[in-house]
file start.txt (compact mmCIF, C-alpha atoms)
# COMPACT_ATOMS: atom_id res chain seq x y z
CA MET A 1 10.05 26.48 -10.42
CA LYS A 2 7.05 28.74 -10.05
CA GLY A 3 3.94 28.00 -7.99
CA ILE A 4 0.27 28.50 -8.78
CA SER A 5 -1.41 31.46 -7.09
CA TYR A 6 -4.72 30.73 -5.46
CA LYS A 7 -7.40 32.08 -3.14
CA THR A 8 -9.05 29.88 -0.47
CA GLU A 9 -12.77 30.06 0.28
CA TRP A 10 -13.94 28.30 3.41
CA VAL A 11 -17.36 26.63 3.19
CA GLU A 12 -19.45 25.52 6.15
CA PHE A 13 -20.53 21.85 6.10
CA PRO A 14 -24.25 22.40 5.33
CA ASP A 15 -23.31 24.66 2.39
CA ILE A 16 -21.02 22.17 0.60
CA GLU A 17 -23.66 20.20 -1.30
CA PRO A 18 -25.77 23.20 -2.44
CA LEU A 19 -22.61 25.09 -3.52
CA CYS A 20 -21.25 22.13 -5.49
CA LYS A 21 -24.61 21.57 -7.19
CA LYS A 22 -24.89 25.28 -8.06
CA LEU A 23 -21.40 25.42 -9.59
CA GLY A 24 -21.53 21.99 -11.25
CA ILE A 25 -18.74 20.54 -9.08
CA PRO A 26 -19.06 16.74 -9.32
CA PRO A 27 -19.76 14.51 -6.29
CA THR A 28 -16.79 12.46 -5.09
CA SER A 29 -18.59 9.33 -3.86
CA LYS A 30 -21.93 7.95 -2.63
CA LYS A 31 -23.71 8.15 0.71
CA ALA A 32 -24.91 4.96 2.42
CA ASP A 33 -28.38 5.53 0.92
CA GLY A 34 -26.93 5.59 -2.60
CA SER A 35 -27.29 9.34 -3.17
CA ASP A 36 -24.37 11.55 -4.27
CA LEU A 37 -21.84 12.69 -1.68
CA TYR A 38 -20.20 16.09 -2.22
CA THR A 39 -16.93 16.82 -0.45
CA LEU A 40 -14.22 19.45 -0.34
CA PRO A 41 -11.57 20.31 -1.36
CA ALA A 42 -12.69 21.42 -4.79
CA ILE A 43 -11.09 24.00 -7.06
CA HIS A 44 -12.13 26.36 -9.80
CA ASP A 45 -9.44 27.18 -12.35
CA PRO A 46 -10.49 30.46 -14.01
CA SER A 47 -7.90 30.02 -16.78
CA THR A 48 -9.56 26.85 -18.08
CA GLY A 49 -13.05 27.19 -16.57
CA VAL A 50 -12.68 23.78 -14.89
CA TYR A 51 -14.39 22.88 -11.58
CA ILE A 52 -12.92 19.77 -10.01
CA SER A 53 -13.24 17.91 -6.67
CA ASP A 54 -11.42 15.01 -4.93
CA SER A 55 -7.93 15.87 -3.76
CA THR A 56 -6.19 13.25 -5.92
CA LEU A 57 -8.04 14.33 -9.07
CA ILE A 58 -7.24 17.97 -8.25
CA ALA A 59 -3.53 17.17 -7.87
CA GLU A 60 -3.51 15.16 -11.12
CA TYR A 61 -5.32 17.98 -12.95
CA LEU A 62 -2.90 20.64 -11.70
CA GLU A 63 0.10 18.47 -12.54
CA LYS A 64 -1.13 17.92 -16.10
CA THR A 65 -2.27 21.50 -16.67
CA TYR A 66 0.77 23.22 -15.13
CA PRO A 67 3.75 20.98 -15.93
CA ASP A 68 6.25 23.76 -15.08
CA THR A 69 5.23 23.86 -11.40
CA PRO A 70 6.66 21.47 -8.75
CA GLN A 71 5.51 17.89 -9.37
CA VAL A 72 3.76 15.89 -6.66
CA PHE A 73 3.87 12.68 -8.75
CA PRO A 74 7.51 12.77 -9.86
CA TYR A 75 9.04 9.96 -11.97
CA HIS A 76 5.60 8.65 -13.07
CA THR A 77 4.94 7.38 -9.53
CA HIS A 78 1.13 7.93 -9.74
CA ALA A 79 0.36 4.20 -9.37
CA LEU A 80 2.80 3.69 -6.49
CA GLN A 81 1.46 6.80 -4.75
CA ALA A 82 -2.11 5.49 -5.06
CA ALA A 83 -1.10 2.18 -3.48
CA PHE A 84 0.81 3.94 -0.70
CA THR A 85 -2.11 6.23 0.06
CA ALA A 86 -4.61 3.35 0.27
CA ALA A 87 -2.24 1.35 2.46
CA PHE A 88 -1.49 4.29 4.75
CA VAL A 89 -5.15 5.17 5.27
CA ASN A 90 -5.86 1.51 5.99
CA ASN A 91 -2.98 1.43 8.51
CA ILE A 92 -4.41 4.28 10.56
CA SER A 93 -8.02 3.07 10.65
CA ALA A 94 -7.97 3.03 14.47
CA LEU A 95 -7.57 6.83 14.46
CA TRP A 96 -11.12 7.54 13.22
CA ASN A 97 -13.07 6.71 16.37
CA PHE A 98 -10.77 8.98 18.36
CA ILE A 99 -10.62 11.94 16.04
CA VAL A 100 -14.12 12.19 14.59
CA PRO A 101 -15.79 13.25 17.86
CA ALA A 102 -12.81 15.47 18.76
CA ALA A 103 -12.89 17.18 15.35
CA SER A 104 -16.46 18.29 16.01
CA ASN A 105 -15.22 20.74 18.67
CA LYS A 106 -13.22 22.72 16.11
CA LEU A 107 -16.20 23.57 13.91
CA ASN A 108 -18.40 26.67 13.77
CA PRO A 109 -21.90 26.13 15.25
CA ARG A 110 -23.67 25.59 11.88
CA SER A 111 -21.11 23.04 10.76
CA GLN A 112 -21.01 21.43 14.17
CA GLU A 113 -24.77 20.79 14.14
CA TYR A 114 -24.50 19.28 10.62
CA PHE A 115 -21.41 17.23 11.50
CA ARG A 116 -23.00 15.80 14.67
CA ARG A 117 -26.25 14.90 12.89
CA THR A 118 -24.58 13.19 9.87
CA ARG A 119 -21.82 11.41 11.82
CA GLU A 120 -24.21 10.16 14.49
CA LYS A 121 -26.33 8.72 11.69
CA SER A 122 -23.40 7.00 9.98
CA PHE A 123 -21.84 5.69 13.22
CA GLY A 124 -25.23 4.76 14.70
CA LYS A 125 -24.39 6.37 18.07
CA VAL A 126 -24.05 9.80 19.69
CA LEU A 127 -20.69 11.53 19.17
CA GLU A 128 -19.83 11.10 22.85
CA ASP A 129 -20.01 7.29 22.49
CA ILE A 130 -17.80 6.98 19.38
CA ALA A 131 -14.36 7.26 20.99
CA PRO A 132 -13.24 4.09 22.79
CA LYS A 133 -12.97 4.40 26.57
CA GLY A 134 -11.01 2.72 29.37
CA GLU A 135 -9.12 -0.43 28.38
CA ALA A 136 -10.48 -0.27 24.81
CA ALA A 137 -9.01 3.21 24.41
CA ILE A 138 -5.55 1.90 25.35
CA VAL A 139 -5.83 -1.04 22.96
CA GLU A 140 -7.13 1.07 20.06
CA TRP A 141 -4.60 3.88 20.53
CA GLU A 142 -1.89 1.20 20.47
CA ARG A 143 -3.40 -0.13 17.25
CA PHE A 144 -3.13 3.36 15.74
CA LYS A 145 0.50 3.51 16.89
CA ASP A 146 1.19 0.11 15.32
CA GLY A 147 -0.34 1.27 12.04
CA LEU A 148 1.95 4.29 11.92
CA GLY A 149 4.80 1.93 12.84
CA LYS A 150 4.16 -0.04 9.64
CA ALA A 151 4.35 3.17 7.61
CA ASP A 152 7.54 4.03 9.51
CA ALA A 153 9.10 0.78 8.29
CA TRP A 154 8.28 1.77 4.70
CA TYR A 155 9.72 5.26 5.19
CA ALA A 156 12.84 3.71 6.69
CA LYS A 157 13.57 2.27 3.23
CA ASN A 158 14.12 5.77 1.82
CA GLY A 159 17.82 5.55 2.62
CA GLY A 160 17.81 8.37 5.16
CA GLN A 161 18.60 10.98 2.47
CA GLY A 162 15.64 13.11 3.55
CA PRO A 163 12.38 12.94 5.47
CA PHE A 164 10.25 12.02 2.45
CA LEU A 165 9.15 8.79 0.77
CA LEU A 166 11.48 9.50 -2.15
CA GLY A 167 14.20 10.82 0.15
CA GLU A 168 14.86 14.50 -0.55
CA THR A 169 11.92 14.96 -2.93
CA PRO A 170 8.46 15.50 -1.43
CA SER A 171 5.61 13.75 -3.21
CA TRP A 172 1.90 12.96 -2.96
CA GLY A 173 2.18 10.29 -0.27
CA ASP A 174 4.04 12.68 2.04
CA ILE A 175 1.31 15.26 1.55
CA ILE A 176 -1.33 12.69 2.52
CA VAL A 177 0.66 11.69 5.61
CA ALA A 178 1.22 15.31 6.64
CA GLY A 179 -2.46 16.08 6.01
CA TYR A 180 -3.63 13.43 8.45
CA LEU A 181 -0.99 14.27 11.03
CA ASN A 182 -1.64 18.00 10.86
CA TRP A 183 -5.31 17.20 11.33
CA THR A 184 -4.54 15.42 14.61
CA ARG A 185 -2.33 18.32 15.70
CA VAL A 186 -4.94 20.95 14.90
CA VAL A 187 -7.84 18.99 16.42
CA TRP A 188 -6.09 18.06 19.66
CA GLY A 189 -3.65 20.97 19.87
CA ASP A 190 0.14 21.31 19.93
CA ASP A 191 0.32 20.70 23.69
CA SER A 192 -2.18 17.83 23.85
CA PRO A 193 -1.20 14.40 25.21
CA GLN A 194 -2.25 12.92 21.84
CA TRP A 195 0.05 15.11 19.74
CA ASN A 196 2.87 14.71 22.26
CA ASP A 197 2.43 10.96 21.97
CA ILE A 198 2.41 10.94 18.16
CA SER A 199 5.42 13.29 18.10
CA SER A 200 7.41 10.85 20.22
CA TRP A 201 6.76 7.82 17.99
CA ASN A 202 9.18 6.46 15.37
CA ASN A 203 12.02 8.78 16.35
CA GLY A 204 10.01 11.88 15.55
CA ARG A 205 9.41 10.89 11.93
CA TRP A 206 5.88 12.34 11.85
CA VAL A 207 6.91 15.73 13.18
CA ALA A 208 9.85 15.80 10.75
CA ILE A 209 7.61 15.21 7.73
CA THR A 210 5.05 17.83 8.71
CA GLU A 211 7.81 20.34 9.52
CA ALA A 212 9.59 19.71 6.21
CA LEU A 213 6.36 20.35 4.29
CA LYS A 214 5.53 23.53 6.21
CA LYS A 215 7.19 25.75 3.63
CA TYR A 216 4.51 24.68 1.12
CA GLU A 217 1.66 25.76 3.45
CA LYS A 218 0.15 29.20 3.04
CA MET B 219 23.25 -2.15 -19.12
CA LYS B 220 24.79 -5.49 -18.20
CA GLY B 221 23.18 -8.19 -16.08
CA ILE B 222 24.61 -10.33 -13.29
CA SER B 223 25.41 -13.93 -14.22
CA TYR B 224 24.15 -16.54 -11.80
CA LYS B 225 23.58 -20.23 -11.28
CA THR B 226 20.40 -21.59 -9.64
CA GLU B 227 20.45 -24.44 -7.12
CA TRP B 228 17.11 -25.97 -6.25
CA VAL B 229 16.71 -27.11 -2.64
CA GLU B 230 14.03 -29.48 -1.38
CA PHE B 231 11.92 -28.14 1.52
CA PRO B 232 13.36 -30.35 4.30
CA ASP B 233 16.90 -29.34 3.27
CA ILE B 234 16.38 -25.56 3.49
CA GLU B 235 16.95 -25.09 7.23
CA PRO B 236 20.01 -27.41 7.52
CA LEU B 237 21.59 -25.84 4.41
CA CYS B 238 21.05 -22.28 5.65
CA LYS B 239 22.45 -23.16 9.08
CA LYS B 240 25.49 -24.85 7.50
CA LEU B 241 26.27 -21.88 5.25
CA GLY B 242 25.37 -19.18 7.79
CA ILE B 243 22.45 -17.85 5.78
CA PRO B 244 20.29 -15.85 8.22
CA PRO B 245 16.67 -16.78 9.03
CA THR B 246 14.02 -14.45 7.52
CA SER B 247 11.38 -14.59 10.25
CA LYS B 248 10.03 -16.64 13.16
CA LYS B 249 7.86 -19.73 13.35
CA ALA B 250 4.70 -19.71 15.49
CA ASP B 251 6.67 -21.39 18.31
CA GLY B 252 9.20 -18.53 18.31
CA SER B 253 12.06 -20.47 16.67
CA ASP B 254 13.89 -19.21 13.56
CA LEU B 255 12.28 -19.66 10.16
CA TYR B 256 14.62 -20.18 7.18
CA THR B 257 13.27 -19.49 3.71
CA LEU B 258 14.46 -19.29 0.12
CA PRO B 259 15.41 -17.50 -2.06
CA ALA B 260 18.89 -16.90 -0.72
CA ILE B 261 22.04 -16.02 -2.64
CA HIS B 262 25.76 -16.41 -2.29
CA ASP B 263 27.84 -13.75 -3.99
CA PRO B 264 31.33 -15.25 -4.48
CA SER B 265 32.81 -11.84 -5.33
CA THR B 266 32.02 -10.44 -1.87
CA GLY B 267 31.56 -13.66 0.12
CA VAL B 268 28.09 -12.54 1.21
CA TYR B 269 25.24 -14.98 1.96
CA ILE B 270 21.87 -13.25 2.05
CA SER B 271 18.21 -14.31 2.28
CA ASP B 272 14.80 -12.56 1.96
CA SER B 273 13.95 -11.47 -1.58
CA THR B 274 13.71 -7.75 -0.75
CA LEU B 275 17.06 -7.77 1.07
CA ILE B 276 18.61 -9.67 -1.84
CA ALA B 277 17.32 -7.12 -4.34
CA GLU B 278 18.53 -4.22 -2.19
CA TYR B 279 21.95 -5.86 -1.80
CA LEU B 280 22.34 -6.47 -5.54
CA GLU B 281 21.19 -2.92 -6.35
CA LYS B 282 23.73 -1.43 -3.96
CA THR B 283 26.58 -3.76 -4.90
CA TYR B 284 26.07 -3.62 -8.68
CA PRO B 285 24.87 -0.09 -9.43
CA ASP B 286 25.62 -0.47 -13.18
CA THR B 287 23.01 -3.22 -13.65
CA PRO B 288 19.29 -2.51 -14.27
CA GLN B 289 17.67 -0.95 -11.19
CA VAL B 290 14.58 -2.49 -9.60
CA PHE B 291 14.14 0.47 -7.22
CA PRO B 292 14.54 3.34 -9.70
CA TYR B 293 14.19 6.99 -8.61
CA HIS B 294 14.67 6.16 -4.91
CA THR B 295 11.26 4.45 -4.82
CA HIS B 296 12.28 1.88 -2.15
CA ALA B 297 9.76 3.18 0.39
CA LEU B 298 6.89 3.39 -2.11
CA GLN B 299 7.72 -0.11 -3.39
CA ALA B 300 7.63 -1.47 0.18
CA ALA B 301 4.18 0.07 0.75
CA PHE B 302 2.91 -1.22 -2.59
CA THR B 303 4.18 -4.74 -1.86
CA ALA B 304 2.55 -4.86 1.59
CA ALA B 305 -0.72 -3.51 0.19
CA PHE B 306 -0.71 -5.91 -2.78
CA VAL B 307 -0.05 -8.98 -0.64
CA ASN B 308 -2.82 -7.85 1.72
CA ASN B 309 -5.19 -7.40 -1.24
CA ILE B 310 -4.76 -10.98 -2.41
CA SER B 311 -5.09 -12.65 1.00
CA ALA B 312 -8.05 -14.72 -0.26
CA LEU B 313 -5.72 -16.52 -2.68
CA TRP B 314 -3.84 -18.46 0.04
CA ASN B 315 -6.49 -21.00 0.99
CA PHE B 316 -6.89 -21.88 -2.68
CA ILE B 317 -3.28 -22.10 -3.71
CA VAL B 318 -1.52 -23.62 -0.69
CA PRO B 319 -3.13 -27.06 -1.06
CA ALA B 320 -2.83 -26.89 -4.87
CA ALA B 321 0.86 -25.98 -4.67
CA SER B 322 1.54 -29.18 -2.77
CA ASN B 323 0.88 -31.21 -5.94
CA LYS B 324 3.80 -29.60 -7.77
CA LEU B 325 6.42 -30.71 -5.26
CA ASN B 326 8.77 -33.67 -5.27
CA PRO B 327 7.79 -36.41 -2.76
CA ARG B 328 10.28 -35.38 -0.03
CA SER B 329 9.18 -31.75 -0.21
CA GLN B 330 5.54 -32.72 -0.46
CA GLU B 331 5.69 -34.70 2.78
CA TYR B 332 7.40 -31.76 4.53
CA PHE B 333 5.01 -29.20 3.04
CA ARG B 334 1.91 -31.21 4.04
CA ARG B 335 3.16 -31.76 7.59
CA THR B 336 4.15 -28.12 8.25
CA ARG B 337 1.16 -26.51 6.50
CA GLU B 338 -1.35 -28.83 8.18
CA LYS B 339 0.19 -27.83 11.50
CA SER B 340 0.01 -24.07 10.77
CA PHE B 341 -3.52 -24.20 9.26
CA GLY B 342 -4.77 -26.64 11.91
CA LYS B 343 -6.44 -28.89 9.30
CA VAL B 344 -5.57 -31.43 6.60
CA LEU B 345 -4.53 -29.96 3.23
CA GLU B 346 -7.74 -31.23 1.62
CA ASP B 347 -9.83 -29.10 4.00
CA ILE B 348 -7.96 -25.81 3.49
CA ALA B 349 -9.49 -24.68 0.18
CA PRO B 350 -13.01 -23.26 0.52
CA LYS B 351 -15.75 -25.37 -1.08
CA GLY B 352 -19.23 -24.79 -2.52
CA GLU B 353 -20.71 -21.35 -1.91
CA ALA B 354 -17.69 -20.30 0.20
CA ALA B 355 -15.39 -21.03 -2.74
CA ILE B 356 -17.41 -18.67 -4.96
CA VAL B 357 -17.40 -15.92 -2.34
CA GLU B 358 -13.67 -16.26 -1.58
CA TRP B 359 -12.61 -16.44 -5.24
CA GLU B 360 -14.64 -13.25 -5.81
CA ARG B 361 -12.79 -11.68 -2.88
CA PHE B 362 -9.48 -12.57 -4.54
CA LYS B 363 -10.75 -11.00 -7.79
CA ASP B 364 -11.81 -7.85 -5.90
CA GLY B 365 -8.35 -7.62 -4.33
CA LEU B 366 -6.68 -7.75 -7.73
CA GLY B 367 -9.25 -5.19 -8.86
CA LYS B 368 -7.97 -2.74 -6.25
CA ALA B 369 -4.42 -3.23 -7.53
CA ASP B 370 -5.76 -2.74 -11.07
CA ALA B 371 -7.10 0.69 -10.05
CA TRP B 372 -3.61 1.62 -8.82
CA TYR B 373 -1.98 0.37 -12.02
CA ALA B 374 -4.54 2.35 -14.04
CA LYS B 375 -2.91 5.51 -12.68
CA ASN B 376 0.31 4.75 -14.59
CA GLY B 377 -0.95 6.76 -17.55
CA GLY B 378 -1.14 3.81 -19.95
CA GLN B 379 2.44 4.39 -21.14
CA GLY B 380 3.38 0.78 -20.41
CA PRO B 381 2.26 -2.25 -18.43
CA PHE B 382 4.27 -1.40 -15.33
CA LEU B 383 3.69 0.57 -12.14
CA LEU B 384 6.03 3.29 -13.38
CA GLY B 385 4.73 3.00 -16.95
CA GLU B 386 7.49 1.84 -19.28
CA THR B 387 10.00 1.07 -16.53
CA PRO B 388 9.68 -2.24 -14.67
CA SER B 389 10.33 -2.10 -10.93
CA TRP B 390 10.16 -4.15 -7.74
CA GLY B 391 6.38 -4.03 -7.32
CA ASP B 392 5.87 -5.45 -10.82
CA ILE B 393 8.25 -8.29 -10.02
CA ILE B 394 6.25 -9.11 -6.88
CA VAL B 395 2.98 -9.04 -8.83
CA ALA B 396 4.39 -11.21 -11.61
CA GLY B 397 5.86 -13.59 -9.04
CA TYR B 398 2.49 -14.26 -7.44
CA LEU B 399 0.67 -14.49 -10.77
CA ASN B 400 3.24 -16.83 -12.30
CA TRP B 401 2.89 -18.97 -9.18
CA THR B 402 -0.85 -19.35 -9.85
CA ARG B 403 -0.16 -20.13 -13.52
CA VAL B 404 2.47 -22.74 -12.72
CA VAL B 405 0.47 -24.37 -9.89
CA TRP B 406 -2.83 -24.57 -11.76
CA GLY B 407 -1.51 -24.71 -15.32
CA ASP B 408 -1.85 -22.55 -18.44
CA ASP B 409 -5.13 -24.18 -19.44
CA SER B 410 -6.72 -24.30 -15.98
CA PRO B 411 -10.05 -22.60 -15.24
CA GLN B 412 -8.26 -20.60 -12.53
CA TRP B 413 -5.59 -19.14 -14.82
CA ASN B 414 -8.15 -18.55 -17.58
CA ASP B 415 -10.23 -16.65 -15.05
CA ILE B 416 -7.32 -14.53 -13.80
CA SER B 417 -6.22 -13.87 -17.40
CA SER B 418 -9.65 -12.46 -18.23
CA TRP B 419 -9.75 -10.00 -15.33
CA ASN B 420 -8.95 -6.29 -15.57
CA ASN B 421 -8.63 -6.30 -19.35
CA GLY B 422 -5.79 -8.79 -19.29
CA ARG B 423 -3.57 -6.62 -17.11
CA TRP B 424 -2.10 -9.57 -15.19
CA VAL B 425 -1.13 -11.50 -18.31
CA ALA B 426 0.37 -8.34 -19.82
CA ILE B 427 2.62 -7.74 -16.80
CA THR B 428 3.86 -11.33 -16.61
CA GLU B 429 4.45 -11.38 -20.40
CA ALA B 430 6.34 -8.09 -20.34
CA LEU B 431 8.65 -9.39 -17.60
CA LYS B 432 9.29 -12.72 -19.35
CA LYS B 433 12.43 -11.43 -21.04
CA TYR B 434 14.03 -11.12 -17.60
CA GLU B 435 13.33 -14.77 -16.75
CA LYS B 436 16.06 -17.32 -17.37

call {"tool": "encode", "arguments": {"input": "start.txt", "output": "structure tokens"}}
result
Amino acid sequence: MKGISYKTEWVEFPDIEPLCKKLGIPPTSKKADGSDLYTLPAIHDPSTGVYISDSTLIAEYLEKTYPDTPQVFPYHTHALQAAFTAAFVNNISALWNFIVPAASNKLNPRSQEYFRRTREKSFGKVLEDIAPKGEAAIVEWERFKDGLGKADAWYAKNGGQGPFLLGETPSWGDIIVAGYLNWTRVVWGDDSPQWNDISSWNNGRWVAITEALKKYEK
Amino acid sequence: MKGISYKTEWVEFPDIEPLCKKLGIPPTSKKADGSDLYTLPAIHDPSTGVYISDSTLIAEYLEKTYPDTPQVFPYHTHALQAAFTAAFVNNISALWNFIVPAASNKLNPRSQEYFRRTREKSFGKVLEDIAPKGEAAIVEWERFKDGLGKADAWYAKNGGQGPFLLGETPSWGDIIVAGYLNWTRVVWGDDSPQWNDISSWNNGRWVAITEALKKYEK
């Protein structure tokens, strides 16, 4: 099966909203004050003229428009994948307070200023006070581990025929999982205590999934 | 595809644990005090001699042992079905306080006495005080509706090709959904305000799923 060729354009945080408005890329949700929230990823498909945002909508669009390319929702599993994704994100809710402040360090100065300002507003505290500390850090990191443990129990049902939810066939839920895990690896680094910890959990399941999907990364 | 013939034996609540212990049917979880909890359904398969409990384990056993019968985990979706089931049950958590006391009324006297005694112990209050009342009842019933609404959004991804998670093909998650919804219909009755309410939600999705699965009921 063939792939779809593409070109990536990186956009700094403060430029996302003006760019989306200029190109007519729709907002993906609402801010706390009720105004439109614009997020990336978004794509432009020059062969159809379409601009589209929200990773799930992008995947669904590509799947429908290019049915001869590898499917990420095989066997009509769209509904099951949506439930899995919601449940997985809910499972790892304890991750946010750890990773949001850490993620700030990976940004270019313009994005970092924007990220700090908007996140401090939404969390109601300075970035340095978001991550739990001391005993709370131990409890919350354990809660993150337990959440991944629940997802591990789901994955364990795949019959051991492959690292993916459907066994040998990768699908949307695996991409979501790998996306979050790669985020932790990139933010904290390959040799960080955090990534070492995550790598050791659930018999290395999380490393195995990200490794198995690597061939689809550019 | 052929089905599997079976005979149902109904067991009153106080007889479940002694019967399971006598036959060697394993417990499915633990009570609050750490002792074994025995629950139904359980099956005995005379062709293999197996006794097995826990509805998911029963389904997995039957699927593995009788591969020529209709599949409830088609396309290796075991892991996705497990995630869906956990997420769905979590979504409808507000239902419990309404239905547990109501369910008591449907039981035979011996089971009713057992049910009242054990549930009052686990809830820490008399059955009559478990269901929310007044303003709290409105808020909690709305929370139950919102939980089903989230599941509706997942189902809406099925492409409208059928009432089921996978579209035209019924699978485990649909059986779980129909099981809970039929429970509410049986406990409250076809003409109850509760079932009328549920029937009206999400464009009749919940009635459609239970109706479409009716042909598999004995």

call {"tool": "calpha_fit_rmsd", "arguments": {"input": "start.txt", "fixed": "chain B", "moving": "chain A"}}
result
0.0 Å

call {"tool": "interface_residues", "arguments": {"input": "start.txt", "of": "chain B", "to": "chain A", "cutoff": "12 Å", "atoms": "all atoms listed in the file", "output": "NGL selection string"}}
result
:B and (274-275 or 278 or 282 or 291-309 or 368-392)

call {"tool": "atom_distance", "arguments": {"input": "start.txt", "atom1": "atom CA of Ile427 of chain B", "atom2": "atom CA of Ser271 of chain B"}}
result
25.5 Å

call {"tool": "residues_around", "arguments": {"input": "start.txt", "residues": "Lys125 of chain A", "least_positions_apart": "6", "cutoff": "12 Å", "atoms": "only C-alpha atoms", "output": "ChimeraX atom specification"}}
result
/A:97,101,116-119,131

call {"tool": "residues_near_point", "arguments": {"input": "start.txt", "point": "(-18.0, 23.7, -2.5)", "cutoff": "10 Å", "atoms": "only C-alpha atoms", "output": "list in words"}}
result
Glu9, Trp10, Val11, Glu12, Phe13, Asp15, Ile16, Glu17, Pro18, Leu19, Cys20, Lys21, Lys22, Leu23, Gly24, Ile25, Pro26, Tyr38, Thr39, Leu40, Pro41, Ala42, Ile43, His44, Tyr51, Ile52 and Ser53 of chain A

call {"tool": "atom_distance", "arguments": {"input": "start.txt", "atom1": "atom CA of Glu331 of chain B", "atom2": "atom CA of Val318 of chain B"}}
result
13.7 Å

call {"tool": "closest_residue", "arguments": {"input": "start.txt", "among": "B:Ile394, B:Val405, B:Leu399, B:Leu366", "to": "Asn420 of chain B", "atoms": "all atoms listed in the file"}}
result
B:Leu366

call {"tool": "closest_residue", "arguments": {"input": "start.txt", "among": "A:Val139, A:Ala94, A:Val186, A:Leu37", "to": "Asp54 of chain A", "atoms": "all atoms listed in the file"}}
result
A:Leu37

call {"tool": "atom_distance", "arguments": {"input": "start.txt", "atom1": "atom CA of Trp413 of chain B", "atom2": "atom CA of Tyr434 of chain B"}}
result
21.4 Å

call {"tool": "decode", "arguments": {"input": "start.txt", "residues": "segment 51-65 of chain A", "atoms": "N, CA and C atoms", "output": "PDB file, in the first residue's frame"}}
result
ATOM      1  N   TYR A  51      -8.812  22.483   4.134  1.00  0.00           N
ATOM      2  CA  TYR A  51      -8.025  22.772   5.338  1.00  0.00           C
ATOM      3  C   TYR A  51      -8.756  22.108   6.493  1.00  0.00           C
ATOM      4  N   ILE A  52      -8.061  21.348   7.305  1.00  0.00           N
ATOM      5  CA  ILE A  52      -8.761  20.643   8.377  1.00  0.00           C
ATOM      6  C   ILE A  52      -7.871  20.542   9.611  1.00  0.00           C
ATOM      7  N   SER A  53      -8.480  20.666  10.803  1.00  0.00           N
ATOM      8  CA  SER A  53      -7.755  20.599  12.075  1.00  0.00           C
ATOM      9  C   SER A  53      -8.388  19.538  12.956  1.00  0.00           C
ATOM     10  N   ASP A  54      -7.744  19.216  14.070  1.00  0.00           N
ATOM     11  CA  ASP A  54      -8.165  18.178  15.029  1.00  0.00           C
ATOM     12  C   ASP A  54      -7.662  16.833  14.509  1.00  0.00           C
ATOM     13  N   SER A  55      -6.757  16.225  15.262  1.00  0.00           N
ATOM     14  CA  SER A  55      -6.063  15.037  14.742  1.00  0.00           C
ATOM     15  C   SER A  55      -7.018  13.907  14.345  1.00  0.00           C
ATOM     16  N   THR A  56      -8.104  13.709  15.116  1.00  0.00           N
ATOM     17  CA  THR A  56      -9.039  12.643  14.748  1.00  0.00           C
ATOM     18  C   THR A  56      -9.749  12.968  13.433  1.00  0.00           C
ATOM     19  N   LEU A  57     -10.199  14.222  13.293  1.00  0.00           N
ATOM     20  CA  LEU A  57     -10.879  14.613  12.045  1.00  0.00           C
ATOM     21  C   LEU A  57      -9.926  14.511  10.853  1.00  0.00           C
ATOM     22  N   ILE A  58      -8.651  14.860  11.078  1.00  0.00           N
ATOM     23  CA  ILE A  58      -7.650  14.749  10.005  1.00  0.00           C
ATOM     24  C   ILE A  58      -7.513  13.285   9.579  1.00  0.00           C
ATOM     25  N   ALA A  59      -7.380  12.407  10.574  1.00  0.00           N
ATOM     26  CA  ALA A  59      -7.218  10.971  10.263  1.00  0.00           C
ATOM     27  C   ALA A  59      -8.445  10.442   9.531  1.00  0.00           C
ATOM     28  N   GLU A  60      -9.638  10.831   9.990  1.00  0.00           N
ATOM     29  CA  GLU A  60     -10.866  10.364   9.334  1.00  0.00           C
ATOM     30  C   GLU A  60     -10.961  10.890   7.900  1.00  0.00           C
ATOM     31  N   TYR A  61     -10.563  12.158   7.725  1.00  0.00           N
ATOM     32  CA  TYR A  61     -10.581  12.750   6.371  1.00  0.00           C
ATOM     33  C   TYR A  61      -9.629  11.992   5.444  1.00  0.00           C
ATOM     34  N   LEU A  62      -8.407  11.755   5.906  1.00  0.00           N
ATOM     35  CA  LEU A  62      -7.407  11.087   5.061  1.00  0.00           C
ATOM     36  C   LEU A  62      -7.851   9.667   4.717  1.00  0.00           C
ATOM     37  N   GLU A  63      -8.452   9.005   5.711  1.00  0.00           N
ATOM     38  CA  GLU A  63      -8.901   7.626   5.506  1.00  0.00           C
ATOM     39  C   GLU A  63      -9.997   7.568   4.434  1.00  0.00           C
ATOM     40  N   LYS A  64     -10.904   8.545   4.480  1.00  0.00           N
ATOM     41  CA  LYS A  64     -12.018   8.577   3.538  1.00  0.00           C
ATOM     42  C   LYS A  64     -11.546   8.998   2.149  1.00  0.00           C
ATOM     43  N   THR A  65     -10.622   9.958   2.121  1.00  0.00           N
ATOM     44  CA  THR A  65     -10.195  10.534   0.843  1.00  0.00           C
ATOM     45  C   THR A  65      -9.186   9.642   0.125  1.00  0.00           C
TER      46      THR A  65
END
